[in-house]
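Colleague: Let me begin by handing over the structure; questions about it come next.
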Amino acid sequence: MTQFLQTLFDGVTVGCLYALIALGYTMVYGILKFINFAHSDVFALGVWMSITIAGWMGIGAAGQPTPPLYLALLVLLGTMVTCGAVGFTVERLAYRPLRRAPRLNVLITAIGVSLLLQNLGQRPFMFGPYPRSLPTLVESGTLFTVMGVPVRVSDVAVIGMALVLMTALQILIFRTKFGSAMRAVSFNTRTASLMGINADRVISITFIVGTMLAAAAGFLYGMKYGGQAKQTADSMWVMLGLKAFVAAVVGGIGNVRGAVLGGLLIGLIEFFGVAYLSSQYRDAYVFAILIAVLLLRPEGVLGRATVEKV
Amino acid sequence: MSAIQLIARAAAVVMVGLSLVGCGKSEGGAGGGSGGGGKGAAGASNTNDQGTGDIVIGHYASLTGAEATFGISTDNGIKMAVAERNQAGGVRGRPIRLITYDNQGKPQESQTVVTRLIESDRVVAVLGEVASSRSLAGAPICQRKGVPMVSPSSTNPDVTSVGDMISRVCFIDPFQGLVGAKFARENLGFTRGATLYNRAQAYSAGLNSNFVEAFRTLGGQVLTEQAYSDGDNDFSAQLTAIRERSPEFIYLPGYYTEVVNIARQARRLGIDIPLIGGDGWDSEELKNAGDSLNNSYFSNHYSHEDTRPEVQDFVRRYREVYQKIPDGLAALGYDAARLLFDAMERAESLHGRDLASSINSTTNFAGVTGMISIDANRNPTKDAVILEVVNGQPKYKATVRP
């Protein structure tokens with residue numbers, strides 16, 4: 001029973017992180033109909049920016065007392081703003097010039113941007129090519145224990161923060177004027193432009209919001225795990241990004257609620273697979289689900305099937 | 001129908017003929033072309049050495065990446081050996097020149113830089129790597145090109161079975177697994193263990209099975225073997241499964257960056273049993289675990305606290321040059337380079353085959369990490385030490401003889 005609850009709890013926590021990253025994939029796909037492969041690198045950037053900003057502020061290093069909460073939130077804010085700026089720059093310089101180019105060109109550009117971010121991040125003047133210790137920004141102690149499952153402050157913070165951000169996004173998309181513009185551009189960019197919507201601006205802001213969510217996921221990731229963060233070109237970031245991408249596809253790519261559902265689903269499948277079947281096939285469970293969904297319901301769990309007009 | 005068959009047959013004959021011509025050509029070519037290269041087969045022999053000027057040796061190492069301290073320490077040890085040797089007049093009256101390339105901790109990159117060392121820098125011998133997966137990537141190239149390779153600290157048995165060009169100066173994992181098992185079973189008196197290993201690393205997966213086998217032979221029980229992969233950073237599912245079976249210790253045959261993260265996550269899950277590991281733990285970065293690794297042990301090649309004069313002398317000189325205490329990898333890098341120089345001095349020529357047979361016939365070479373005699377499988381037999389981690393610092397605990 002303890003193992004079941006522990007696995008459930010860990011699966012949900014990690015699922016929340018996947019969901020936050022998946023939202024970025026899904027939002028960009030919803031509007032531009034292309035997969036932003038550089039998204040996992042923005043997530044890695046988020047992890048490293050939070051290390052760097054905490055370092056600048058001189059807080060959270062090993063052996064130091066945990067800083068007050070508002071300082072941790074300041075680090076989160078700083079991380080989101082800098083990563084948002086990177087997202088904006090990437091969209092402006094790499095993707096916007098290709099707005100009318102074939103989709104394949106944009107896809108290949110995305111891979112190029114991904115490699116650029118990975119390797120720039122490894123330069124000595126950026127974050128360097130070595131793993132670095134993550135700062136302790138939130139009390140790492142156990143809050144309470146439910147049936148043998150230690151519930152830690154950082155886990156609660158991850159779930160809570162993820163819920164707050166997802167709710168904010170939901171409100172932004174469905175309750176604001178800008179959200180209507182986003183949905184209009186996603187529905188039909190050209191018609192939306194004819195109605196007086198500045199499509200370029202909407203796309204820019206979508207990118208900024210998406211990368212900010214990935215940055216927040218990066219911050220939460222660092223807070224949850226602590227320990228050592230690997231350099232930006234390490235394969236682990238790509239793998240995490242891929243799993244989040246699978247989450248977006250499983251939930252129904254282009255669908256915001258689907259991304260959240262997909263993230264939780266992938267997190268749970270991964271953790272229950274490892275705990276109850278075998279830890280040998282951790283990644284295989286995730287990709288097996290992807291294959292199953294693509295075969296049985298290609299539009300994803302919450303996605304709507306569309307007919308391509310030829 | 002028959003016409004098509006005829007054409008096909010003719011084409012096949014022409015192709016076989018062409019390939020034969022190709023073989024003949026490269027066989028006669030200088031500088032080692034194709035050649036054997038299969039398991040244990042006699043390979044080509046390079047003629048990179050020109051007989052005058054600097055003797056060029058190569059080193060490929062993970063100077064960056066998740067196992068960066070492995071490469072940096074080893075390179076420091078080798079550099080020190082080269083500098084000392086050059087000060088004493090070099091080898092065969094010629095100075096040694098070391099070329100080191102970074103492989104970023106990646107097997108593919110290892111293949112690229114080893115090829116570059118041999119083809120473009122024309123090295124007479126290659127030193128490297130620490131991680132067995134990367135040695136296994138570089139070794140077949142050295143074997144094929146006929147360039148001797150000495151691995152300072154790859155412990156997976158498969159590394160030297162690539163061929164007669166490949167040797168090492170450290171013990172191998174069947175012994176290291178036994179050392180860990182004996183220590184857990186006899187010194188700590190444990191009978192119920194669990195393991196957590198990296199299935200993507202030859203070192204980790206190999207050492208895991210060696211340990212499990214040895215521990216079972218000694219009458220212990222391995223309750224569960226859990227695995228992770230290179231890209232994983234969340235070990236809570238595996239650790240939860242381990243916790244469920246309540247073992248007395250966990251064997252962690254991985255590399256230090258992951259070990260630090262696993263230890264922290266284990267302690268958070270309330271798992272406070274000892275963790276036991278192998279030489280992959282050996283890094284100054286172990287300090288990042290804080291107190292999570294207290295009450296944990298790992299097997300290693302040497303301890304800087306060893307009172308033998310060779311060791312204390314080495315530690316003193318290393319600290320003068322690098323201002324830090326040498327870890328086991330620095331000591332093995334130093335030994336590998338010095339063993340290579342010793343073999344070069346004795347060799348008939350510095351061409352691949354002569355140098356390799358000289359390396360392979362090394363007996364009773366006094367290294368910092370112990371007496372090194374290369375056996376018929378090109379592996380030495382050496383003592384191992386058990387170190388205890390105290391607040392991230394390794395402290396000498398015991399010596400285990402083969």
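Starting from 1 in every chain, residues are counted up; chains themselves are A, B, ... following the order of the structure tokens, and ligands are numbered from 1 as listed.
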Would you give me, as a tab-separated table, each residue of chain B having an atom within 10 Å of an atom of chain A, along with its shortest atom pair and that distance in Å to one decimal, using only C-alpha atoms and sorting by chain and residue number?
Modeller:
```
residue	atom	partner	partner_atom	distance
B:Leu63	CA	A:Pro129	CA	8.9
B:Thr64	CA	A:Pro129	CA	5.4
B:Gly65	CA	A:Tyr130	CA	5.2
B:Ala66	CA	A:Pro131	CA	5.8
B:Glu67	CA	A:Tyr130	CA	8.3
B:Ala68	CA	A:Tyr130	CA	6.6
B:Thr69	CA	A:Tyr130	CA	9.0
B:Gln104	CA	A:Pro129	CA	8.4
B:Gly105	CA	A:Asp234	CA	9.6
B:Lys106	CA	A:Asp234	CA	9.8
B:Leu196	CA	A:Ser279	CA	9.6
B:Asn198	CA	A:Gln280	CA	9.5
B:Arg199	CA	A:Gln280	CA	7.4
B:Ala200	CA	A:Gln280	CA	10.0
B:Glu225	CA	A:Ser279	CA	8.8
B:Gln226	CA	A:Ser279	CA	5.8
B:Ala227	CA	A:Ser279	CA	5.3
B:Tyr228	CA	A:Ser279	CA	6.6
B:Ser229	CA	A:Gln280	CA	8.4
B:Asp230	CA	A:Met236	CA	7.0
B:Gly231	CA	A:Met236	CA	3.8
B:Asp232	CA	A:Met236	CA	6.3
B:Asn233	CA	A:Met236	CA	7.6
B:Asp234	CA	A:Tyr225	CA	7.8
B:Phe235	CA	A:Val274	CA	9.7
B:Ser236	CA	A:Asp10	CA	7.2
B:Ala237	CA	A:Ala275	CA	5.4
B:Gln238	CA	A:Ala275	CA	6.1
B:Leu239	CA	A:Ala275	CA	8.8
B:Thr240	CA	A:Gln3	CA	6.3
B:Ala241	CA	A:Ala275	CA	5.6
B:Ile242	CA	A:Ala275	CA	9.1
B:Arg243	CA	A:Gln3	CA	8.4
B:Glu244	CA	A:Gln3	CA	6.5
B:Thr257	CA	A:Gln228	CA	6.6
B:Glu258	CA	A:Gln228	CA	8.1
B:Val259	CA	A:Gly227	CA	9.9
B:Val260	CA	A:Gly227	CA	6.7
B:Asn261	CA	A:Gly227	CA	5.2
B:Ile262	CA	A:Gly227	CA	8.8
B:Ala263	CA	A:Gly227	CA	9.2
B:Arg264	CA	A:Gly227	CA	6.9
B:Gln265	CA	A:Tyr225	CA	7.5
B:Arg268	CA	A:Pro150	CA	8.0
B:Leu269	CA	A:Pro150	CA	6.7
B:Gly270	CA	A:Pro150	CA	8.0
B:Glu285	CA	A:Pro131	CA	9.5
B:Asn288	CA	A:Ser133	CA	7.0
B:Ala289	CA	A:Gly227	CA	7.1
B:Gly290	CA	A:Ala62	CA	8.3
```
Colleague: May I have the selected residues written with N, CA and C atoms, as a compact mmCIF listing (two decimals), in the first residue's frame?
Modeller:
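Now in part.txt:
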```
# COMPACT_ATOMS: atom_id res chain seq x y z
N LEU B 63 37.03 15.46 -20.29
CA LEU B 63 37.44 16.67 -19.58
C LEU B 63 36.24 17.54 -19.24
N THR B 64 35.11 17.29 -19.92
CA THR B 64 33.88 18.01 -19.61
C THR B 64 32.77 16.97 -19.46
N GLY B 65 31.59 17.42 -19.08
CA GLY B 65 30.45 16.51 -18.99
C GLY B 65 30.23 15.98 -17.59
N ALA B 66 29.33 15.00 -17.49
CA ALA B 66 28.89 14.53 -16.18
C ALA B 66 29.99 13.79 -15.42
N GLU B 67 31.00 13.26 -16.12
CA GLU B 67 32.10 12.57 -15.44
C GLU B 67 33.40 13.34 -15.62
N ALA B 68 33.31 14.68 -15.60
CA ALA B 68 34.47 15.50 -15.93
C ALA B 68 35.66 15.29 -15.00
N THR B 69 35.41 15.04 -13.71
CA THR B 69 36.58 14.91 -12.83
C THR B 69 37.38 13.65 -13.17
N GLN B 104 33.97 14.74 -24.18
CA GLN B 104 32.72 15.22 -23.56
C GLN B 104 31.96 14.10 -22.84
N GLY B 105 32.65 13.02 -22.54
CA GLY B 105 31.98 11.91 -21.87
C GLY B 105 31.07 11.11 -22.78
N LYS B 106 31.35 11.16 -24.12
CA LYS B 106 30.47 10.46 -25.06
C LYS B 106 31.23 9.38 -25.83
N LEU B 196 21.11 -1.03 -7.54
CA LEU B 196 20.55 -0.03 -8.46
C LEU B 196 21.69 0.37 -9.38
N ASN B 198 23.22 1.46 -13.62
CA ASN B 198 22.93 2.14 -14.89
C ASN B 198 23.04 1.12 -16.03
N ARG B 199 21.88 0.80 -16.62
CA ARG B 199 21.91 -0.25 -17.64
C ARG B 199 22.54 0.23 -18.94
N ALA B 200 22.76 1.55 -19.09
CA ALA B 200 23.33 2.09 -20.33
C ALA B 200 24.85 2.15 -20.28
N GLU B 225 17.07 -6.15 -8.22
CA GLU B 225 18.05 -5.41 -9.01
C GLU B 225 17.28 -4.38 -9.81
N GLN B 226 17.48 -3.11 -9.48
CA GLN B 226 16.78 -2.04 -10.18
C GLN B 226 17.75 -1.34 -11.13
N ALA B 227 17.22 -0.79 -12.22
CA ALA B 227 18.09 -0.15 -13.22
C ALA B 227 17.63 1.27 -13.51
N TYR B 228 18.56 2.10 -13.96
CA TYR B 228 18.23 3.40 -14.52
C TYR B 228 19.04 3.57 -15.78
N SER B 229 18.86 4.70 -16.46
CA SER B 229 19.60 4.92 -17.69
C SER B 229 20.28 6.27 -17.66
N ASP B 230 21.10 6.55 -18.67
CA ASP B 230 21.89 7.78 -18.68
C ASP B 230 21.06 9.05 -18.52
N GLY B 231 19.87 9.07 -19.11
CA GLY B 231 19.09 10.30 -19.08
C GLY B 231 18.24 10.47 -17.83
N ASP B 232 18.27 9.51 -16.92
CA ASP B 232 17.37 9.58 -15.77
C ASP B 232 17.92 10.44 -14.65
N ASN B 233 17.03 11.15 -14.00
CA ASN B 233 17.45 11.87 -12.81
C ASN B 233 16.49 11.64 -11.66
N ASP B 234 15.38 10.97 -11.94
CA ASP B 234 14.43 10.69 -10.88
C ASP B 234 14.50 9.21 -10.56
N PHE B 235 15.00 8.90 -9.37
CA PHE B 235 15.19 7.50 -9.00
C PHE B 235 14.17 7.06 -7.97
N SER B 236 13.15 7.89 -7.73
CA SER B 236 12.25 7.60 -6.62
C SER B 236 11.46 6.31 -6.82
N ALA B 237 11.07 6.01 -8.08
CA ALA B 237 10.30 4.79 -8.30
C ALA B 237 11.13 3.55 -7.96
N GLN B 238 12.40 3.55 -8.42
CA GLN B 238 13.28 2.40 -8.13
C GLN B 238 13.55 2.32 -6.63
N LEU B 239 13.81 3.50 -6.01
CA LEU B 239 14.13 3.51 -4.59
C LEU B 239 12.93 3.08 -3.75
N THR B 240 11.74 3.44 -4.20
CA THR B 240 10.54 3.01 -3.49
C THR B 240 10.40 1.50 -3.56
N ALA B 241 10.67 0.94 -4.74
CA ALA B 241 10.59 -0.51 -4.90
C ALA B 241 11.62 -1.19 -4.00
N ILE B 242 12.80 -0.57 -3.87
CA ILE B 242 13.84 -1.13 -3.00
C ILE B 242 13.40 -1.04 -1.54
N ARG B 243 12.88 0.13 -1.16
CA ARG B 243 12.46 0.35 0.23
C ARG B 243 11.42 -0.68 0.66
N GLU B 244 10.53 -1.02 -0.29
CA GLU B 244 9.45 -1.97 -0.03
C GLU B 244 9.98 -3.33 0.44
N THR B 257 28.20 11.48 -10.30
CA THR B 257 27.13 12.48 -10.41
C THR B 257 25.78 11.86 -10.07
N GLU B 258 25.55 10.64 -10.62
CA GLU B 258 24.30 9.96 -10.32
C GLU B 258 24.25 9.48 -8.87
N VAL B 259 25.40 9.00 -8.39
CA VAL B 259 25.45 8.49 -7.02
C VAL B 259 25.04 9.59 -6.03
N VAL B 260 25.53 10.81 -6.27
CA VAL B 260 25.18 11.93 -5.40
C VAL B 260 23.67 12.14 -5.42
N ASN B 261 23.09 12.15 -6.62
CA ASN B 261 21.64 12.38 -6.73
C ASN B 261 20.83 11.23 -6.13
N ILE B 262 21.29 10.00 -6.37
CA ILE B 262 20.58 8.84 -5.82
C ILE B 262 20.61 8.88 -4.29
N ALA B 263 21.79 9.18 -3.74
CA ALA B 263 21.93 9.20 -2.28
C ALA B 263 20.99 10.23 -1.67
N ARG B 264 20.94 11.42 -2.27
CA ARG B 264 20.06 12.47 -1.74
C ARG B 264 18.60 12.04 -1.79
N GLN B 265 18.21 11.45 -2.94
CA GLN B 265 16.80 11.05 -3.08
C GLN B 265 16.47 9.90 -2.14
N ARG B 268 15.87 11.17 1.34
CA ARG B 268 14.58 11.86 1.43
C ARG B 268 13.42 10.90 1.55
N LEU B 269 13.61 9.72 0.94
CA LEU B 269 12.54 8.72 1.03
C LEU B 269 12.63 7.95 2.35
N GLY B 270 13.55 8.37 3.21
CA GLY B 270 13.67 7.72 4.50
C GLY B 270 14.48 6.43 4.45
N GLU B 285 33.82 15.56 -6.32
CA GLU B 285 32.44 16.06 -6.37
C GLU B 285 31.50 15.29 -5.44
N ASN B 288 29.32 16.98 -2.84
CA ASN B 288 28.00 17.56 -3.08
C ASN B 288 26.87 16.76 -2.44
N ALA B 289 27.18 15.53 -2.04
CA ALA B 289 26.13 14.73 -1.41
C ALA B 289 25.90 15.19 0.03
N GLY B 290 26.80 16.04 0.57
CA GLY B 290 26.67 16.46 1.96
C GLY B 290 26.73 15.26 2.88
```
Colleague: Quick one: everything within 8 Å of range 320-331 of chain B, counting only C-alpha atoms, minus sequence neighbours fewer than 5 positions away in the same chain. Send it as a list in words.
Modeller: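 Close residues of range 320-331 of chain B: Phe70, Ser73, Thr74, Asp75, Asn76, Gly77, Ile78, Val130, Pro152, Ser153, Asp282, Ser283, Glu284, Asn300, His301, Tyr302, Ser303, His304, Val315, Val368 and Thr369 of chain B.
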Colleague: For N, CA and C atoms, I'd like the residues from the last selection saved as a compact mmCIF listing (two decimals), in the first residue's frame.
Modeller:
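Below is the file that was written, part01.txt:
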```txt
# COMPACT_ATOMS: atom_id res chain seq x y z
N PHE B 70 36.74 12.64 -13.77
CA PHE B 70 37.48 11.45 -14.20
C PHE B 70 38.59 11.85 -15.18
N SER B 73 41.27 14.48 -13.65
CA SER B 73 42.21 13.85 -12.73
C SER B 73 43.22 12.98 -13.47
N THR B 74 42.69 12.14 -14.38
CA THR B 74 43.57 11.24 -15.12
C THR B 74 44.59 12.05 -15.91
N ASP B 75 44.10 13.11 -16.57
CA ASP B 75 45.00 13.93 -17.38
C ASP B 75 46.06 14.60 -16.51
N ASN B 76 45.66 15.05 -15.33
CA ASN B 76 46.63 15.64 -14.41
C ASN B 76 47.72 14.63 -14.05
N GLY B 77 47.30 13.39 -13.77
CA GLY B 77 48.27 12.35 -13.42
C GLY B 77 49.22 12.08 -14.57
N ILE B 78 48.67 12.00 -15.78
CA ILE B 78 49.51 11.72 -16.96
C ILE B 78 50.47 12.88 -17.22
N VAL B 130 38.59 6.28 -18.87
CA VAL B 130 38.18 5.83 -17.54
C VAL B 130 36.93 4.95 -17.64
N PRO B 152 43.81 3.46 -18.20
CA PRO B 152 44.21 3.62 -16.81
C PRO B 152 43.21 2.98 -15.84
N SER B 153 41.92 3.11 -16.11
CA SER B 153 40.98 2.69 -15.06
C SER B 153 39.66 2.13 -15.55
N ASP B 282 34.66 7.56 -7.24
CA ASP B 282 35.86 8.30 -6.84
C ASP B 282 35.93 9.67 -7.51
N SER B 283 35.52 10.70 -6.78
CA SER B 283 35.58 12.06 -7.31
C SER B 283 35.46 13.04 -6.16
N GLU B 284 36.14 14.18 -6.32
CA GLU B 284 36.02 15.22 -5.29
C GLU B 284 34.57 15.75 -5.22
N ASN B 300 38.01 0.87 -4.20
CA ASN B 300 38.81 1.74 -5.06
C ASN B 300 40.19 1.15 -5.27
N HIS B 301 40.98 1.85 -6.10
CA HIS B 301 42.30 1.33 -6.50
C HIS B 301 43.39 1.72 -5.51
N TYR B 302 43.18 2.79 -4.80
CA TYR B 302 44.23 3.23 -3.87
C TYR B 302 43.62 4.21 -2.89
N SER B 303 44.32 4.43 -1.79
CA SER B 303 43.88 5.45 -0.85
C SER B 303 45.04 6.41 -0.65
N HIS B 304 44.76 7.70 -0.63
CA HIS B 304 45.85 8.66 -0.46
C HIS B 304 46.39 8.62 0.97
N VAL B 315 51.57 11.66 -3.55
CA VAL B 315 50.57 12.60 -3.03
C VAL B 315 51.22 13.97 -2.80
N VAL B 368 52.16 3.49 -8.18
CA VAL B 368 51.60 4.09 -6.98
C VAL B 368 50.44 3.24 -6.46
N THR B 369 49.69 2.65 -7.40
CA THR B 369 48.51 1.88 -7.01
C THR B 369 48.84 0.42 -6.74
```
Colleague: Excluding Gly280 in chain B and residues on its chain fewer than 3 positions from it, collect all residues at most 9 Å away from it, counting only C-alpha atoms, and give them as a PyMOL selection string.
Modeller: chain B and resi 70+131+203-204+253-256+259+277+283+298-300
Colleague: Using only C-alpha atoms, which residues sit within 10 Å of range 69-71 of chain A once same-chain residues fewer than 4 positions away are excluded, as an MDAnalysis selection string?
Modeller: chainID A and resid 54 57 59:60 75:77 137:139
Colleague: Can you spit out the residues from that selection as a JSON list (two decimals), in the first residue's frame, using C-alpha atoms?
Modeller:
```json
[["chain", "number", "residue", "atom", "x", "y", "z"],
["A", 54, "ALA", "CA", 20.30, 32.27, -7.09],
["A", 57, "MET", "CA", 21.69, 36.80, -5.23],
["A", 59, "ILE", "CA", 21.36, 32.52, -1.73],
["A", 60, "GLY", "CA", 20.66, 28.87, -1.34],
["A", 75, "VAL", "CA", 14.41, 33.67, -8.51],
["A", 76, "LEU", "CA", 11.39, 32.05, -10.17],
["A", 77, "LEU", "CA", 10.32, 35.40, -11.61],
["A", 137, "LEU", "CA", 15.56, 27.51, -2.34],
["A", 138, "VAL", "CA", 12.73, 25.93, -0.43],
["A", 139, "GLU", "CA", 12.80, 24.08, 2.88]]
```
Colleague: For a quick check of understanding, using only C-alpha atoms, which of B:Ala137, B:Met80, B:Leu252, B:Cys170 has the smallest distance to Leu207 in chain B?
Modeller: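 Among the listed residues, the smallest separation from Leu207 in chain B belongs to B:Leu252.
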